[in-house]
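Notes to accompany the following structure.
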Amino acid sequence: MARDPLARYHGKRRFDTTDEPRGESAGPSEELSFVVQIHDARRMHFDFRLEVDGVLKSWAVPRGPSTDPGDKRLAVPTEDHPLEYREYEGVIASGEYGAGPVIVWDQGTYSPMGAGSLAAFAAALDRGHASFRLNGQKLRGAYALTRFRDGRDGSGEAWLLVKKSGSGSTHGVRATPDPRRARSARTGRTLSQVVRSARDDGGTRDDRGTRGRTMPDHGTSRVHRSEGNDHA
C-alpha cells in the first residue's frame, strides 16, 4: 500500500476544530508553486514551502528567508502540507496544533536549477542539497536549501536556506521582514489584523475569504526578531 504523504499532517490536526485545509481537492499547478507564511504560534517563525510531488515540502525558518547572500538561515523540516495550504490565512484555534495567526507573506512560482526534471529535483532534496529560482511577489532569484544535520543522532534534522548572488539580492537591514509589521501578499493584512478579523467574525468566514478562530493569548510568546525593517 502506497505511503500517504499527508499522514503526519492529518495526524496532528482535528478538522472538526481547525479550519486548515484537509488536502482533498487541489491538484498540481501548471507551474510549480511556493509560499512563505508567517505563523505566530508558540514561537514566531516563517514557514517556507515548495510544491514537490503533489504536496508542499515544508521548513520552519525562525528568522525568515533573507535576500542577503551573506545570511545563512536555519530551516527545520516539518511535515508535508497539502497544496491547498498555499492559500491558507487565518487563526488556528486555541488548543490546536500550531495555534495562532497565519498570513501568506509571499507566494509565487519556482523552477529547479540544474536538476533536469522535477523527479531529479525531488531526488536532490532527498540527498540534502537543491537549488531553485523563486519568482514571488517579494522573493526573487536563486536560493539553495542544504541539509547540514541529518538528525540520526537524535539532535534533529536541520537545513540552511541561503540566497544566491544575482537577481533579487540585497544587502543590509532590508534583507529580512519584521514579522509583526509584514503584510500578507494575498490580503494586505498584518498578523494583528487577521487576529482582529477573527475576533470580529466570531469564527465565521470573513469578507476576504478566510475563516477566523478564537485567538490564544500570545502575550508571553517568544519572537525571533530579525534585523530587517521591511514592512512589505
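Here, A, B, ... name the chains of the C-alpha cells in the order displayed, residue numbers run from 1 inside each chain, and ligands are numbered from 1 in the same displayed order.
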Please provide the set of residues having any atom within 9 Å of Ser66 in chain A, restricted to only C-alpha atoms, with same-chain residues fewer than 6 positions apart removed, written as a PDB file with C-alpha atoms, in the first residue's frame.
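Wrote it out as part13.pdb, contents follow:
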ATOM      1  CA  LYS A  72      22.524  31.622   6.372  1.00  0.00           C
ATOM      2  CA  ARG A  73      19.087  30.899   7.765  1.00  0.00           C
ATOM      3  CA  LEU A 139      11.369  36.910  -3.060  1.00  0.00           C
ATOM      4  CA  LEU A 161      18.221  28.352   3.427  1.00  0.00           C
ATOM      5  CA  VAL A 162      20.596  30.727   1.617  1.00  0.00           C
ATOM      6  CA  LYS A 163      20.096  33.354  -1.103  1.00  0.00           C
ATOM      7  CA  SER A 169      19.783  40.039  -3.819  1.00  0.00           C
ATOM      8  CA  THR A 170      20.018  42.871  -1.306  1.00  0.00           C
ATOM      9  CA  ARG A 174      16.082  45.322   4.448  1.00  0.00           C
ATOM     10  CA  ALA A 175      17.152  41.721   3.848  1.00  0.00           C
ATOM     11  CA  THR A 176      14.501  40.262   6.166  1.00  0.00           C
ATOM     12  CA  PRO A 177      10.961  41.422   7.035  1.00  0.00           C
TER      13      PRO A 177
END
Test item, strand (DSSP E) assignment across range 11-140 of chain A, answer as a ChimeraX atom specification: /A:33-40,44-52,55-61,72-81,90-92,100-112,129-136,140
Val102 in chain A environment, 6 Å, only C-alpha atoms, sequence neighbours closer than 6 positions dropped, as a PyMOL selection string: chain A and resi 38-39+89-90
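One finds CA of Glu51 in chain A at 23.3 Å from CA of Pro69 in chain A.
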Selection near range 184-188 of chain A, 9 Å with only C-alpha atoms, sequence-local residues under 4 positions removed, as JSON, numbers by chain: {"A": [37, 38, 87, 89, 103, 104, 105, 106, 107, 137, 138, 208, 232]}
Range 53-173 of chain A: residues DSSP assigns to helix (DSSP H, G or I), reported as a PDB file with N, CA and C atoms, in the first residue's frame:
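Result file is selection13.pdb:
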ATOM      1  N   LEU A  83      -1.469  20.947  -0.962  1.00  0.00           N
ATOM      2  CA  LEU A  83      -1.306  22.093  -1.855  1.00  0.00           C
ATOM      3  C   LEU A  83      -2.252  23.232  -1.497  1.00  0.00           C
ATOM      4  N   GLU A  84      -3.446  22.907  -0.975  1.00  0.00           N
ATOM      5  CA  GLU A  84      -4.396  23.954  -0.590  1.00  0.00           C
ATOM      6  C   GLU A  84      -3.818  24.905   0.461  1.00  0.00           C
ATOM      7  N   TYR A  85      -2.821  24.435   1.190  1.00  0.00           N
ATOM      8  CA  TYR A  85      -2.291  25.250   2.280  1.00  0.00           C
ATOM      9  C   TYR A  85      -1.596  26.507   1.764  1.00  0.00           C
ATOM     10  N   ARG A  86      -1.250  26.526   0.487  1.00  0.00           N
ATOM     11  CA  ARG A  86      -0.580  27.723  -0.044  1.00  0.00           C
ATOM     12  C   ARG A  86      -1.500  28.936  -0.017  1.00  0.00           C
ATOM     13  N   GLU A  87      -2.804  28.714   0.150  1.00  0.00           N
ATOM     14  CA  GLU A  87      -3.759  29.823   0.222  1.00  0.00           C
ATOM     15  C   GLU A  87      -4.280  30.054   1.639  1.00  0.00           C
ATOM     16  N   LEU A 118      11.586  17.439 -12.416  1.00  0.00           N
ATOM     17  CA  LEU A 118      11.064  17.516 -11.052  1.00  0.00           C
ATOM     18  C   LEU A 118      11.479  16.289 -10.247  1.00  0.00           C
ATOM     19  N   ALA A 119      11.504  15.119 -10.895  1.00  0.00           N
ATOM     20  CA  ALA A 119      11.940  13.913 -10.191  1.00  0.00           C
ATOM     21  C   ALA A 119      13.389  14.049  -9.731  1.00  0.00           C
ATOM     22  N   ALA A 120      14.222  14.639 -10.585  1.00  0.00           N
ATOM     23  CA  ALA A 120      15.618  14.851 -10.210  1.00  0.00           C
ATOM     24  C   ALA A 120      15.729  15.873  -9.077  1.00  0.00           C
ATOM     25  N   PHE A 121      14.861  16.877  -9.113  1.00  0.00           N
ATOM     26  CA  PHE A 121      14.879  17.873  -8.037  1.00  0.00           C
ATOM     27  C   PHE A 121      14.464  17.242  -6.717  1.00  0.00           C
ATOM     28  N   ALA A 122      13.415  16.408  -6.745  1.00  0.00           N
ATOM     29  CA  ALA A 122      12.996  15.712  -5.527  1.00  0.00           C
ATOM     30  C   ALA A 122      14.108  14.821  -5.010  1.00  0.00           C
ATOM     31  N   ALA A 123      14.834  14.168  -5.917  1.00  0.00           N
ATOM     32  CA  ALA A 123      15.956  13.321  -5.504  1.00  0.00           C
ATOM     33  C   ALA A 123      17.072  14.159  -4.893  1.00  0.00           C
ATOM     34  N   ALA A 124      17.304  15.346  -5.450  1.00  0.00           N
ATOM     35  CA  ALA A 124      18.322  16.238  -4.903  1.00  0.00           C
ATOM     36  C   ALA A 124      17.962  16.661  -3.480  1.00  0.00           C
ATOM     37  N   LEU A 125      16.689  16.942  -3.250  1.00  0.00           N
ATOM     38  CA  LEU A 125      16.251  17.268  -1.892  1.00  0.00           C
ATOM     39  C   LEU A 125      16.481  16.086  -0.954  1.00  0.00           C
ATOM     40  N   ASP A 126      16.164  14.893  -1.429  1.00  0.00           N
ATOM     41  CA  ASP A 126      16.385  13.707  -0.606  1.00  0.00           C
ATOM     42  C   ASP A 126      17.862  13.556  -0.241  1.00  0.00           C
ATOM     43  N   ARG A 127      18.743  13.908  -1.170  1.00  0.00           N
ATOM     44  CA  ARG A 127      20.182  13.810  -0.894  1.00  0.00           C
ATOM     45  C   ARG A 127      20.666  14.926   0.012  1.00  0.00           C
ATOM     46  N   VAL A 173      19.913  46.090   6.078  1.00  0.00           N
ATOM     47  CA  VAL A 173      18.815  45.988   7.021  1.00  0.00           C
ATOM     48  C   VAL A 173      17.492  45.552   6.396  1.00  0.00           C
TER      49      VAL A 173
END
Exercise: Gly114 in chain A partners within 9 Å, only C-alpha atoms, chain neighbours under 3 positions left out, as a PyMOL selection string: chain A and resi 117+121+130-132
Please produce a file of those selected residues containing C-alpha atoms, as an mmCIF file, in the first residue's frame.
data_model
loop_
_atom_site.group_PDB
_atom_site.id
_atom_site.type_symbol
_atom_site.label_atom_id
_atom_site.label_comp_id
_atom_site.auth_asym_id
_atom_site.auth_seq_id
_atom_site.Cartn_x
_atom_site.Cartn_y
_atom_site.Cartn_z
ATOM 1 C CA SER A 117 13.361 17.338 -14.031
ATOM 2 C CA PHE A 121 14.879 17.873 -8.037
ATOM 3 C CA ALA A 130 18.867 21.589 -4.017
ATOM 4 C CA SER A 131 18.968 24.947 -5.785
ATOM 5 C CA PHE A 132 15.957 26.719 -7.256
#
